[in-house]
file structure08.pdb (PDB, N, CA and C atoms)
ATOM      1  N   MET A  28       0.842  -1.175   0.000  1.00  0.00           N
ATOM      2  CA  MET A  28       0.000   0.000   0.000  1.00  0.00           C
ATOM      3  C   MET A  28       0.884   1.233   0.000  1.00  0.00           C
ATOM      4  N   ILE A  29       0.493   2.169  -0.815  1.00  0.00           N
ATOM      5  CA  ILE A  29       1.161   3.470  -0.889  1.00  0.00           C
ATOM      6  C   ILE A  29       0.119   4.518  -0.538  1.00  0.00           C
ATOM      7  N   VAL A  30       0.455   5.422   0.375  1.00  0.00           N
ATOM      8  CA  VAL A  30      -0.464   6.497   0.749  1.00  0.00           C
ATOM      9  C   VAL A  30       0.301   7.811   0.698  1.00  0.00           C
ATOM     10  N   VAL A  31      -0.239   8.767  -0.056  1.00  0.00           N
ATOM     11  CA  VAL A  31       0.373  10.092  -0.162  1.00  0.00           C
ATOM     12  C   VAL A  31      -0.696  11.150   0.037  1.00  0.00           C
ATOM     13  N   LYS A  32      -0.246  12.384   0.181  1.00  0.00           N
ATOM     14  CA  LYS A  32      -1.193  13.479   0.368  1.00  0.00           C
ATOM     15  C   LYS A  32      -0.791  14.680  -0.477  1.00  0.00           C
ATOM     16  N   VAL A  33      -1.813  15.383  -0.926  1.00  0.00           N
ATOM     17  CA  VAL A  33      -1.672  16.666  -1.596  1.00  0.00           C
ATOM     18  C   VAL A  33      -2.554  17.602  -0.787  1.00  0.00           C
ATOM     19  N   VAL A  34      -1.911  18.439   0.035  1.00  0.00           N
ATOM     20  CA  VAL A  34      -2.674  19.251   0.987  1.00  0.00           C
ATOM     21  C   VAL A  34      -2.097  20.655   1.064  1.00  0.00           C
ATOM     22  N   ASP A  35      -2.930  21.575   1.547  1.00  0.00           N
ATOM     23  CA  ASP A  35      -2.435  22.913   1.832  1.00  0.00           C
ATOM     24  C   ASP A  35      -1.555  22.838   3.081  1.00  0.00           C
ATOM     25  N   GLN A  36      -0.549  23.669   3.129  1.00  0.00           N
ATOM     26  CA  GLN A  36       0.447  23.609   4.197  1.00  0.00           C
ATOM     27  C   GLN A  36      -0.165  23.788   5.584  1.00  0.00           C
ATOM     28  N   ASP A  37      -1.193  24.598   5.714  1.00  0.00           N
ATOM     29  CA  ASP A  37      -1.743  24.880   7.044  1.00  0.00           C
ATOM     30  C   ASP A  37      -2.433  23.678   7.698  1.00  0.00           C
ATOM     31  N   ILE A  38      -2.764  22.646   6.947  1.00  0.00           N
ATOM     32  CA  ILE A  38      -3.403  21.459   7.531  1.00  0.00           C
ATOM     33  C   ILE A  38      -2.560  20.192   7.313  1.00  0.00           C
ATOM     34  N   ALA A  39      -1.360  20.340   6.822  1.00  0.00           N
ATOM     35  CA  ALA A  39      -0.529  19.181   6.470  1.00  0.00           C
ATOM     36  C   ALA A  39      -0.319  18.229   7.643  1.00  0.00           C
ATOM     37  N   ASP A  40      -0.125  18.735   8.846  1.00  0.00           N
ATOM     38  CA  ASP A  40       0.110  17.873  10.013  1.00  0.00           C
ATOM     39  C   ASP A  40      -1.128  17.085  10.425  1.00  0.00           C
ATOM     40  N   LYS A  41      -2.288  17.494  10.008  1.00  0.00           N
ATOM     41  CA  LYS A  41      -3.532  16.824  10.388  1.00  0.00           C
ATOM     42  C   LYS A  41      -3.837  15.609   9.510  1.00  0.00           C
ATOM     43  N   VAL A  42      -3.242  15.541   8.341  1.00  0.00           N
ATOM     44  CA  VAL A  42      -3.487  14.450   7.394  1.00  0.00           C
ATOM     45  C   VAL A  42      -2.370  13.421   7.569  1.00  0.00           C
ATOM     46  N   ASP A  43      -2.689  12.354   8.310  1.00  0.00           N
ATOM     47  CA  ASP A  43      -1.719  11.368   8.782  1.00  0.00           C
ATOM     48  C   ASP A  43      -1.660  10.164   7.838  1.00  0.00           C
ATOM     49  N   THR A  44      -0.835  10.258   6.815  1.00  0.00           N
ATOM     50  CA  THR A  44      -0.731   9.156   5.854  1.00  0.00           C
ATOM     51  C   THR A  44      -0.094   7.891   6.439  1.00  0.00           C
ATOM     52  N   PRO A  45       0.902   7.970   7.336  1.00  0.00           N
ATOM     53  CA  PRO A  45       1.448   6.732   7.910  1.00  0.00           C
ATOM     54  C   PRO A  45       0.395   5.917   8.676  1.00  0.00           C
ATOM     55  N   PHE A  46      -0.553   6.590   9.315  1.00  0.00           N
ATOM     56  CA  PHE A  46      -1.635   5.902  10.029  1.00  0.00           C
ATOM     57  C   PHE A  46      -2.460   5.050   9.064  1.00  0.00           C
ATOM     58  N   ILE A  47      -2.842   5.616   7.930  1.00  0.00           N
ATOM     59  CA  ILE A  47      -3.645   4.881   6.950  1.00  0.00           C
ATOM     60  C   ILE A  47      -2.814   3.765   6.324  1.00  0.00           C
ATOM     61  N   GLU A  48      -1.564   4.057   6.018  1.00  0.00           N
ATOM     62  CA  GLU A  48      -0.690   3.047   5.422  1.00  0.00           C
ATOM     63  C   GLU A  48      -0.540   1.839   6.357  1.00  0.00           C
ATOM     64  N   ALA A  49      -0.385   2.078   7.644  1.00  0.00           N
ATOM     65  CA  ALA A  49      -0.255   0.987   8.617  1.00  0.00           C
ATOM     66  C   ALA A  49      -1.574   0.233   8.783  1.00  0.00           C
ATOM     67  N   THR A  50      -2.687   0.944   8.762  1.00  0.00           N
ATOM     68  CA  THR A  50      -3.994   0.326   8.945  1.00  0.00           C
ATOM     69  C   THR A  50      -4.323  -0.638   7.812  1.00  0.00           C
ATOM     70  N   PHE A  51      -3.979  -0.277   6.592  1.00  0.00           N
ATOM     71  CA  PHE A  51      -4.313  -1.093   5.424  1.00  0.00           C
ATOM     72  C   PHE A  51      -3.082  -1.741   4.788  1.00  0.00           C
ATOM     73  N   SER A  52      -2.067  -2.000   5.569  1.00  0.00           N
ATOM     74  CA  SER A  52      -0.819  -2.534   5.036  1.00  0.00           C
ATOM     75  C   SER A  52      -0.971  -3.901   4.372  1.00  0.00           C
ATOM     76  N   ASP A  53      -2.057  -4.604   4.682  1.00  0.00           N
ATOM     77  CA  ASP A  53      -2.273  -5.936   4.103  1.00  0.00           C
ATOM     78  C   ASP A  53      -2.930  -5.893   2.724  1.00  0.00           C
ATOM     79  N   LEU A  54      -3.243  -4.716   2.216  1.00  0.00           N
ATOM     80  CA  LEU A  54      -3.880  -4.591   0.903  1.00  0.00           C
ATOM     81  C   LEU A  54      -2.821  -4.304  -0.162  1.00  0.00           C
ATOM     82  N   PRO A  55      -2.510  -5.288  -0.991  1.00  0.00           N
ATOM     83  CA  PRO A  55      -1.495  -5.069  -2.033  1.00  0.00           C
ATOM     84  C   PRO A  55      -2.078  -4.331  -3.236  1.00  0.00           C
ATOM     85  N   ASN A  56      -1.214  -3.735  -4.010  1.00  0.00           N
ATOM     86  CA  ASN A  56      -1.582  -3.093  -5.277  1.00  0.00           C
ATOM     87  C   ASN A  56      -2.611  -1.979  -5.139  1.00  0.00           C
ATOM     88  N   ILE A  57      -2.563  -1.264  -4.006  1.00  0.00           N
ATOM     89  CA  ILE A  57      -3.466  -0.135  -3.791  1.00  0.00           C
ATOM     90  C   ILE A  57      -2.626   1.079  -3.422  1.00  0.00           C
ATOM     91  N   GLY A  58      -2.972   2.191  -3.999  1.00  0.00           N
ATOM     92  CA  GLY A  58      -2.393   3.476  -3.625  1.00  0.00           C
ATOM     93  C   GLY A  58      -3.530   4.427  -3.312  1.00  0.00           C
ATOM     94  N   ILE A  59      -3.419   5.164  -2.241  1.00  0.00           N
ATOM     95  CA  ILE A  59      -4.444   6.147  -1.887  1.00  0.00           C
ATOM     96  C   ILE A  59      -3.787   7.517  -1.884  1.00  0.00           C
ATOM     97  N   ILE A  60      -4.432   8.452  -2.544  1.00  0.00           N
ATOM     98  CA  ILE A  60      -3.962   9.824  -2.567  1.00  0.00           C
ATOM     99  C   ILE A  60      -5.033  10.686  -1.906  1.00  0.00           C
ATOM    100  N   PHE A  61      -4.701  11.245  -0.739  1.00  0.00           N
ATOM    101  CA  PHE A  61      -5.610  12.146  -0.041  1.00  0.00           C
ATOM    102  C   PHE A  61      -5.344  13.555  -0.522  1.00  0.00           C
ATOM    103  N   ILE A  62      -6.405  14.233  -0.941  1.00  0.00           N
ATOM    104  CA  ILE A  62      -6.300  15.612  -1.394  1.00  0.00           C
ATOM    105  C   ILE A  62      -7.127  16.475  -0.452  1.00  0.00           C
ATOM    106  N   CYS A  63      -6.509  17.522   0.071  1.00  0.00           N
ATOM    107  CA  CYS A  63      -7.219  18.443   0.956  1.00  0.00           C
ATOM    108  C   CYS A  63      -6.661  19.837   0.720  1.00  0.00           C
ATOM    109  N   THR A  64      -7.303  20.537  -0.216  1.00  0.00           N
ATOM    110  CA  THR A  64      -6.880  21.882  -0.571  1.00  0.00           C
ATOM    111  C   THR A  64      -8.099  22.795  -0.612  1.00  0.00           C
ATOM    112  N   ARG A  65      -7.842  24.059  -0.512  1.00  0.00           N
ATOM    113  CA  ARG A  65      -8.950  25.025  -0.550  1.00  0.00           C
ATOM    114  C   ARG A  65      -9.716  24.946  -1.870  1.00  0.00           C
ATOM    115  N   ASP A  66      -9.015  24.687  -2.958  1.00  0.00           N
ATOM    116  CA  ASP A  66      -9.663  24.688  -4.269  1.00  0.00           C
ATOM    117  C   ASP A  66     -10.179  23.322  -4.705  1.00  0.00           C
ATOM    118  N   GLY A  67      -9.857  22.245  -3.964  1.00  0.00           N
ATOM    119  CA  GLY A  67     -10.347  20.912  -4.331  1.00  0.00           C
ATOM    120  C   GLY A  67      -9.687  20.409  -5.603  1.00  0.00           C
ATOM    121  N   ARG A  68      -9.885  19.155  -5.877  1.00  0.00           N
ATOM    122  CA  ARG A  68      -9.343  18.517  -7.072  1.00  0.00           C
ATOM    123  C   ARG A  68     -10.324  17.439  -7.514  1.00  0.00           C
ATOM    124  N   PRO A  69     -10.284  17.053  -8.771  1.00  0.00           N
ATOM    125  CA  PRO A  69     -11.186  15.987  -9.238  1.00  0.00           C
ATOM    126  C   PRO A  69     -10.789  14.622  -8.679  1.00  0.00           C
ATOM    127  N   GLU A  70     -11.765  13.746  -8.554  1.00  0.00           N
ATOM    128  CA  GLU A  70     -11.517  12.378  -8.097  1.00  0.00           C
ATOM    129  C   GLU A  70     -11.480  11.460  -9.302  1.00  0.00           C
ATOM    130  N   ASP A  71     -10.320  11.319  -9.901  1.00  0.00           N
ATOM    131  CA  ASP A  71     -10.138  10.445 -11.048  1.00  0.00           C
ATOM    132  C   ASP A  71      -9.214   9.302 -10.656  1.00  0.00           C
ATOM    133  N   ASP A  72      -9.783   8.169 -10.254  1.00  0.00           N
ATOM    134  CA  ASP A  72      -8.990   6.997  -9.914  1.00  0.00           C
ATOM    135  C   ASP A  72      -8.373   6.428 -11.189  1.00  0.00           C
ATOM    136  N   TRP A  73      -7.271   5.715 -11.052  1.00  0.00           N
ATOM    137  CA  TRP A  73      -6.648   5.085 -12.207  1.00  0.00           C
ATOM    138  C   TRP A  73      -5.820   3.890 -11.759  1.00  0.00           C
ATOM    139  N   THR A  74      -5.428   3.076 -12.722  1.00  0.00           N
ATOM    140  CA  THR A  74      -4.535   1.947 -12.502  1.00  0.00           C
ATOM    141  C   THR A  74      -3.321   2.145 -13.397  1.00  0.00           C
ATOM    142  N   ASP A  75      -2.123   2.001 -12.808  1.00  0.00           N
ATOM    143  CA  ASP A  75      -0.922   2.212 -13.608  1.00  0.00           C
ATOM    144  C   ASP A  75      -0.546   0.953 -14.381  1.00  0.00           C
ATOM    145  N   GLU A  76       0.516   1.036 -15.160  1.00  0.00           N
ATOM    146  CA  GLU A  76       0.914  -0.070 -16.031  1.00  0.00           C
ATOM    147  C   GLU A  76       1.380  -1.303 -15.251  1.00  0.00           C
ATOM    148  N   ASP A  77       1.709  -1.134 -13.968  1.00  0.00           N
ATOM    149  CA  ASP A  77       2.114  -2.262 -13.127  1.00  0.00           C
ATOM    150  C   ASP A  77       0.936  -2.889 -12.378  1.00  0.00           C
ATOM    151  N   GLY A  78      -0.268  -2.359 -12.610  1.00  0.00           N
ATOM    152  CA  GLY A  78      -1.453  -2.907 -11.961  1.00  0.00           C
ATOM    153  C   GLY A  78      -1.763  -2.306 -10.603  1.00  0.00           C
ATOM    154  N   LEU A  79      -1.045  -1.251 -10.211  1.00  0.00           N
ATOM    155  CA  LEU A  79      -1.309  -0.584  -8.940  1.00  0.00           C
ATOM    156  C   LEU A  79      -2.504   0.335  -9.112  1.00  0.00           C
ATOM    157  N   ARG A  80      -3.544   0.103  -8.317  1.00  0.00           N
ATOM    158  CA  ARG A  80      -4.775   0.897  -8.383  1.00  0.00           C
ATOM    159  C   ARG A  80      -4.642   2.099  -7.455  1.00  0.00           C
ATOM    160  N   TYR A  81      -4.819   3.299  -7.994  1.00  0.00           N
ATOM    161  CA  TYR A  81      -4.753   4.535  -7.223  1.00  0.00           C
ATOM    162  C   TYR A  81      -6.163   5.056  -6.978  1.00  0.00           C
ATOM    163  N   ILE A  82      -6.452   5.329  -5.722  1.00  0.00           N
ATOM    164  CA  ILE A  82      -7.757   5.854  -5.314  1.00  0.00           C
ATOM    165  C   ILE A  82      -7.546   7.276  -4.817  1.00  0.00           C
ATOM    166  N   ILE A  83      -8.297   8.205  -5.377  1.00  0.00           N
ATOM    167  CA  ILE A  83      -8.227   9.606  -4.970  1.00  0.00           C
ATOM    168  C   ILE A  83      -9.348   9.865  -3.964  1.00  0.00           C
ATOM    169  N   ILE A  84      -8.984  10.430  -2.820  1.00  0.00           N
ATOM    170  CA  ILE A  84      -9.973  10.772  -1.794  1.00  0.00           C
ATOM    171  C   ILE A  84      -9.824  12.252  -1.465  1.00  0.00           C
ATOM    172  N   ASN A  85     -10.866  13.024  -1.742  1.00  0.00           N
ATOM    173  CA  ASN A  85     -10.882  14.443  -1.406  1.00  0.00           C
ATOM    174  C   ASN A  85     -11.423  14.609   0.003  1.00  0.00           C
ATOM    175  N   LEU A  86     -10.597  15.150   0.883  1.00  0.00           N
ATOM    176  CA  LEU A  86     -11.032  15.463   2.238  1.00  0.00           C
ATOM    177  C   LEU A  86     -11.594  16.886   2.240  1.00  0.00           C
ATOM    178  N   PRO A  87     -12.689  17.126   2.945  1.00  0.00           N
ATOM    179  CA  PRO A  87     -13.261  18.478   2.988  1.00  0.00           C
ATOM    180  C   PRO A  87     -12.345  19.431   3.771  1.00  0.00           C
ATOM    181  N   TYR A  88     -11.798  20.404   3.082  1.00  0.00           N
ATOM    182  CA  TYR A  88     -10.805  21.304   3.666  1.00  0.00           C
ATOM    183  C   TYR A  88     -11.290  21.974   4.951  1.00  0.00           C
ATOM    184  N   GLU A  89     -12.459  22.593   4.915  1.00  0.00           N
ATOM    185  CA  GLU A  89     -12.949  23.338   6.090  1.00  0.00           C
ATOM    186  C   GLU A  89     -13.158  22.412   7.281  1.00  0.00           C
ATOM    187  N   THR A  90     -13.624  21.198   7.037  1.00  0.00           N
ATOM    188  CA  THR A  90     -13.821  20.232   8.120  1.00  0.00           C
ATOM    189  C   THR A  90     -12.484  19.846   8.732  1.00  0.00           C
ATOM    190  N   VAL A  91     -11.516  19.516   7.892  1.00  0.00           N
ATOM    191  CA  VAL A  91     -10.194  19.118   8.386  1.00  0.00           C
ATOM    192  C   VAL A  91      -9.531  20.278   9.119  1.00  0.00           C
ATOM    193  N   ARG A  92      -9.680  21.467   8.621  1.00  0.00           N
ATOM    194  CA  ARG A  92      -9.071  22.653   9.244  1.00  0.00           C
ATOM    195  C   ARG A  92      -9.543  22.821  10.683  1.00  0.00           C
ATOM    196  N   GLN A  93     -10.772  22.448  10.968  1.00  0.00           N
ATOM    197  CA  GLN A  93     -11.343  22.621  12.302  1.00  0.00           C
ATOM    198  C   GLN A  93     -11.095  21.433  13.232  1.00  0.00           C
ATOM    199  N   MET A  94     -10.564  20.334  12.711  1.00  0.00           N
ATOM    200  CA  MET A  94     -10.320  19.136  13.518  1.00  0.00           C
ATOM    201  C   MET A  94      -8.913  19.177  14.121  1.00  0.00           C
ATOM    202  N   PRO A  95      -8.726  18.532  15.293  1.00  0.00           N
ATOM    203  CA  PRO A  95      -7.364  18.422  15.833  1.00  0.00           C
ATOM    204  C   PRO A  95      -6.493  17.511  14.964  1.00  0.00           C
ATOM    205  N   ASP A  96      -7.083  16.454  14.420  1.00  0.00           N
ATOM    206  CA  ASP A  96      -6.431  15.609  13.420  1.00  0.00           C
ATOM    207  C   ASP A  96      -7.532  14.935  12.602  1.00  0.00           C
ATOM    208  N   ALA A  97      -7.157  14.440  11.437  1.00  0.00           N
ATOM    209  CA  ALA A  97      -8.148  13.901  10.504  1.00  0.00           C
ATOM    210  C   ALA A  97      -8.106  12.381  10.396  1.00  0.00           C
ATOM    211  N   GLN A  98      -7.467  11.703  11.329  1.00  0.00           N
ATOM    212  CA  GLN A  98      -7.310  10.253  11.224  1.00  0.00           C
ATOM    213  C   GLN A  98      -8.633   9.512  11.063  1.00  0.00           C
ATOM    214  N   GLN A  99      -9.609   9.799  11.906  1.00  0.00           N
ATOM    215  CA  GLN A  99     -10.867   9.053  11.848  1.00  0.00           C
ATOM    216  C   GLN A  99     -11.652   9.354  10.571  1.00  0.00           C
ATOM    217  N   LEU A 100     -11.616  10.594  10.123  1.00  0.00           N
ATOM    218  CA  LEU A 100     -12.261  10.952   8.859  1.00  0.00           C
ATOM    219  C   LEU A 100     -11.571  10.244   7.700  1.00  0.00           C
ATOM    220  N   MET A 101     -10.255  10.236   7.703  1.00  0.00           N
ATOM    221  CA  MET A 101      -9.493   9.559   6.654  1.00  0.00           C
ATOM    222  C   MET A 101      -9.802   8.065   6.651  1.00  0.00           C
ATOM    223  N   LEU A 102      -9.848   7.461   7.831  1.00  0.00           N
ATOM    224  CA  LEU A 102     -10.133   6.037   7.950  1.00  0.00           C
ATOM    225  C   LEU A 102     -11.519   5.713   7.406  1.00  0.00           C
ATOM    226  N   ALA A 103     -12.523   6.499   7.793  1.00  0.00           N
ATOM    227  CA  ALA A 103     -13.889   6.257   7.333  1.00  0.00           C
ATOM    228  C   ALA A 103     -14.002   6.399   5.814  1.00  0.00           C
ATOM    229  N   MET A 104     -13.380   7.432   5.266  1.00  0.00           N
ATOM    230  CA  MET A 104     -13.465   7.654   3.825  1.00  0.00           C
ATOM    231  C   MET A 104     -12.692   6.585   3.058  1.00  0.00           C
ATOM    232  N   ALA A 105     -11.554   6.151   3.582  1.00  0.00           N
ATOM    233  CA  ALA A 105     -10.784   5.091   2.921  1.00  0.00           C
ATOM    234  C   ALA A 105     -11.563   3.775   2.940  1.00  0.00           C
ATOM    235  N   LYS A 106     -12.152   3.433   4.077  1.00  0.00           N
ATOM    236  CA  LYS A 106     -12.948   2.207   4.159  1.00  0.00           C
ATOM    237  C   LYS A 106     -14.095   2.236   3.150  1.00  0.00           C
ATOM    238  N   GLN A 107     -14.747   3.379   3.046  1.00  0.00           N
ATOM    239  CA  GLN A 107     -15.865   3.502   2.102  1.00  0.00           C
ATOM    240  C   GLN A 107     -15.385   3.306   0.666  1.00  0.00           C
ATOM    241  N   ARG A 108     -14.308   3.967   0.288  1.00  0.00           N
ATOM    242  CA  ARG A 108     -13.799   3.876  -1.079  1.00  0.00           C
ATOM    243  C   ARG A 108     -13.249   2.490  -1.402  1.00  0.00           C
ATOM    244  N   LEU A 109     -12.745   1.776  -0.372  1.00  0.00           N
ATOM    245  CA  LEU A 109     -12.224   0.433  -0.563  1.00  0.00           C
ATOM    246  C   LEU A 109     -13.297  -0.632  -0.498  1.00  0.00           C
ATOM    247  N   GLY A 110     -14.544  -0.225  -0.209  1.00  0.00           N
ATOM    248  CA  GLY A 110     -15.644  -1.177  -0.130  1.00  0.00           C
ATOM    249  C   GLY A 110     -15.628  -2.014   1.136  1.00  0.00           C
ATOM    250  N   LEU A 111     -15.066  -1.460   2.212  1.00  0.00           N
ATOM    251  CA  LEU A 111     -14.953  -2.196   3.466  1.00  0.00           C
ATOM    252  C   LEU A 111     -16.023  -1.797   4.481  1.00  0.00           C
ATOM    253  N   VAL A 112     -16.981  -0.984   4.072  1.00  0.00           N
ATOM    254  CA  VAL A 112     -18.065  -0.539   4.953  1.00  0.00           C
ATOM    255  C   VAL A 112     -19.280  -1.402   4.700  1.00  0.00           C
ATOM    256  N   ARG A 113     -19.895  -1.867   5.756  1.00  0.00           N
ATOM    257  CA  ARG A 113     -21.096  -2.707   5.613  1.00  0.00           C
ATOM    258  C   ARG A 113     -22.329  -1.905   5.840  1.00  0.00           C
TER     259      ARG A 113
END

call {"tool": "encode", "arguments": {"input": "structure08.pdb", "output": "structure tokens"}}
result
Amino acid sequence: MIVVKVVDQDIADKVDTPFIEATFSDLPNIGIIFICTRDGRPEDDWTDEDGLRYIIINLPYETVRQMPDAQQLMLAMAKQRLGLVR
């Protein structure tokens, strides 16, 4: 699993990619890109030539800005996008 972030500097410490990477470390061939910027970005998932599936997750900037950390929000959104929510 590969987890990266594209975030505005003022909330960068709140978006904890190592936490998500450790939580889903047993999922091979998945990459998650968390985006949290004032202007937002499109959610265009893709698979690279090596078969690694990249999932784009847009975190709501204003919500994250007001949170002490975004771990639980990131976890919930990742589970939903990975189809792990019942």

call {"tool": "closest_residue", "arguments": {"input": "structure08.pdb", "among": "A:Asp53, A:Asp71, A:Asp43, A:Asp66", "to": "Met101 (chain A)", "atoms": "only N, CA and C atoms"}}
result
A:Asp43

call {"tool": "axis_aligned_box", "arguments": {"input": "structure08.pdb", "around": "region 58-71 of chain A", "padding_each_side": "8 Å", "output": "lines of an AutoDock Vina configuration file"}}
result
center_x = -7.1
center_y = 13.6
center_z = -5.0
size_x = 25.4
size_y = 38.8
size_z = 28.0

call {"tool": "resolve_selection", "arguments": {"input": "structure08.pdb", "expression": "the PyMOL selection byres ((chain A and resi 60) around 5)", "output": "NGL selection string"}}
result
:A and (31 or 58-59 or 61-62 or 82-84)

call {"tool": "atom_distance", "arguments": {"input": "structure08.pdb", "atom1": "CA of Pro69 (chain A)", "atom2": "CA of Ser52 (chain A)"}}
result
25.6 Å

call {"tool": "resolve_selection", "arguments": {"input": "structure08.pdb", "expression": "the PyMOL selection byres ((chain A and resi 87-99) around 8)", "output": "tab-separated table (two decimals) with N, CA and C atoms, keeping the file's coordinate frame"}}
result
chain	number	residue	atom	x	y	z
A	37	ASP	N	-1.19	24.60	5.71
A	37	ASP	CA	-1.74	24.88	7.04
A	37	ASP	C	-2.43	23.68	7.70
A	38	ILE	N	-2.76	22.65	6.95
A	38	ILE	CA	-3.40	21.46	7.53
A	38	ILE	C	-2.56	20.19	7.31
A	40	ASP	N	-0.12	18.74	8.85
A	40	ASP	CA	0.11	17.87	10.01
A	40	ASP	C	-1.13	17.08	10.42
A	41	LYS	N	-2.29	17.49	10.01
A	41	LYS	CA	-3.53	16.82	10.39
A	41	LYS	C	-3.84	15.61	9.51
A	42	VAL	N	-3.24	15.54	8.34
A	42	VAL	CA	-3.49	14.45	7.39
A	42	VAL	C	-2.37	13.42	7.57
A	43	ASP	N	-2.69	12.35	8.31
A	43	ASP	CA	-1.72	11.37	8.78
A	43	ASP	C	-1.66	10.16	7.84
A	44	THR	N	-0.84	10.26	6.82
A	44	THR	CA	-0.73	9.16	5.85
A	44	THR	C	-0.09	7.89	6.44
A	46	PHE	N	-0.55	6.59	9.32
A	46	PHE	CA	-1.64	5.90	10.03
A	46	PHE	C	-2.46	5.05	9.06
A	47	ILE	N	-2.84	5.62	7.93
A	47	ILE	CA	-3.64	4.88	6.95
A	47	ILE	C	-2.81	3.76	6.32
A	62	ILE	N	-6.40	14.23	-0.94
A	62	ILE	CA	-6.30	15.61	-1.39
A	62	ILE	C	-7.13	16.48	-0.45
A	63	CYS	N	-6.51	17.52	0.07
A	63	CYS	CA	-7.22	18.44	0.96
A	63	CYS	C	-6.66	19.84	0.72
A	64	THR	N	-7.30	20.54	-0.22
A	64	THR	CA	-6.88	21.88	-0.57
A	64	THR	C	-8.10	22.80	-0.61
A	65	ARG	N	-7.84	24.06	-0.51
A	65	ARG	CA	-8.95	25.02	-0.55
A	65	ARG	C	-9.72	24.95	-1.87
A	66	ASP	N	-9.02	24.69	-2.96
A	66	ASP	CA	-9.66	24.69	-4.27
A	66	ASP	C	-10.18	23.32	-4.70
A	67	GLY	N	-9.86	22.24	-3.96
A	67	GLY	CA	-10.35	20.91	-4.33
A	67	GLY	C	-9.69	20.41	-5.60
A	84	ILE	N	-8.98	10.43	-2.82
A	84	ILE	CA	-9.97	10.77	-1.79
A	84	ILE	C	-9.82	12.25	-1.46
A	85	ASN	N	-10.87	13.02	-1.74
A	85	ASN	CA	-10.88	14.44	-1.41
A	85	ASN	C	-11.42	14.61	0.00
A	86	LEU	N	-10.60	15.15	0.88
A	86	LEU	CA	-11.03	15.46	2.24
A	86	LEU	C	-11.59	16.89	2.24
A	100	LEU	N	-11.62	10.59	10.12
A	100	LEU	CA	-12.26	10.95	8.86
A	100	LEU	C	-11.57	10.24	7.70
A	101	MET	N	-10.26	10.24	7.70
A	101	MET	CA	-9.49	9.56	6.65
A	101	MET	C	-9.80	8.06	6.65
A	102	LEU	N	-9.85	7.46	7.83
A	102	LEU	CA	-10.13	6.04	7.95
A	102	LEU	C	-11.52	5.71	7.41
A	103	ALA	N	-12.52	6.50	7.79
A	103	ALA	CA	-13.89	6.26	7.33
A	103	ALA	C	-14.00	6.40	5.81
A	104	MET	N	-13.38	7.43	5.27
A	104	MET	CA	-13.46	7.65	3.82
A	104	MET	C	-12.69	6.58	3.06
A	105	ALA	N	-11.55	6.15	3.58
A	105	ALA	CA	-10.78	5.09	2.92
A	105	ALA	C	-11.56	3.78	2.94

call {"tool": "atom_distance", "arguments": {"input": "structure08.pdb", "atom1": "atom N of Leu111 (chain A)", "atom2": "atom C of Ile57 (chain A)"}}
result
13.9 Å

call {"tool": "atom_distance", "arguments": {"input": "structure08.pdb", "atom1": "CA of Tyr81 (chain A)", "atom2": "CA of Asp35 (chain A)"}}
result
20.6 Å

call {"tool": "select_by_dssp", "arguments": {"input": "structure08.pdb", "residues": "chain A", "states": "strand (DSSP E)", "output": "PyMOL selection string"}}
result
chain A and resi 29-34+57-63+73-74+80-85

call {"tool": "closest_residue", "arguments": {"input": "structure08.pdb", "among": "A:Arg108, A:Pro55, A:Val34, A:Glu48", "to": "Gly78 (chain A)", "atoms": "only N, CA and C atoms"}}
result
A:Pro55

call {"tool": "select_by_dssp", "arguments": {"input": "structure08.pdb", "residues": "chain A", "states": "helix (DSSP H, G or I)", "output": "count of residues only"}}
result
31
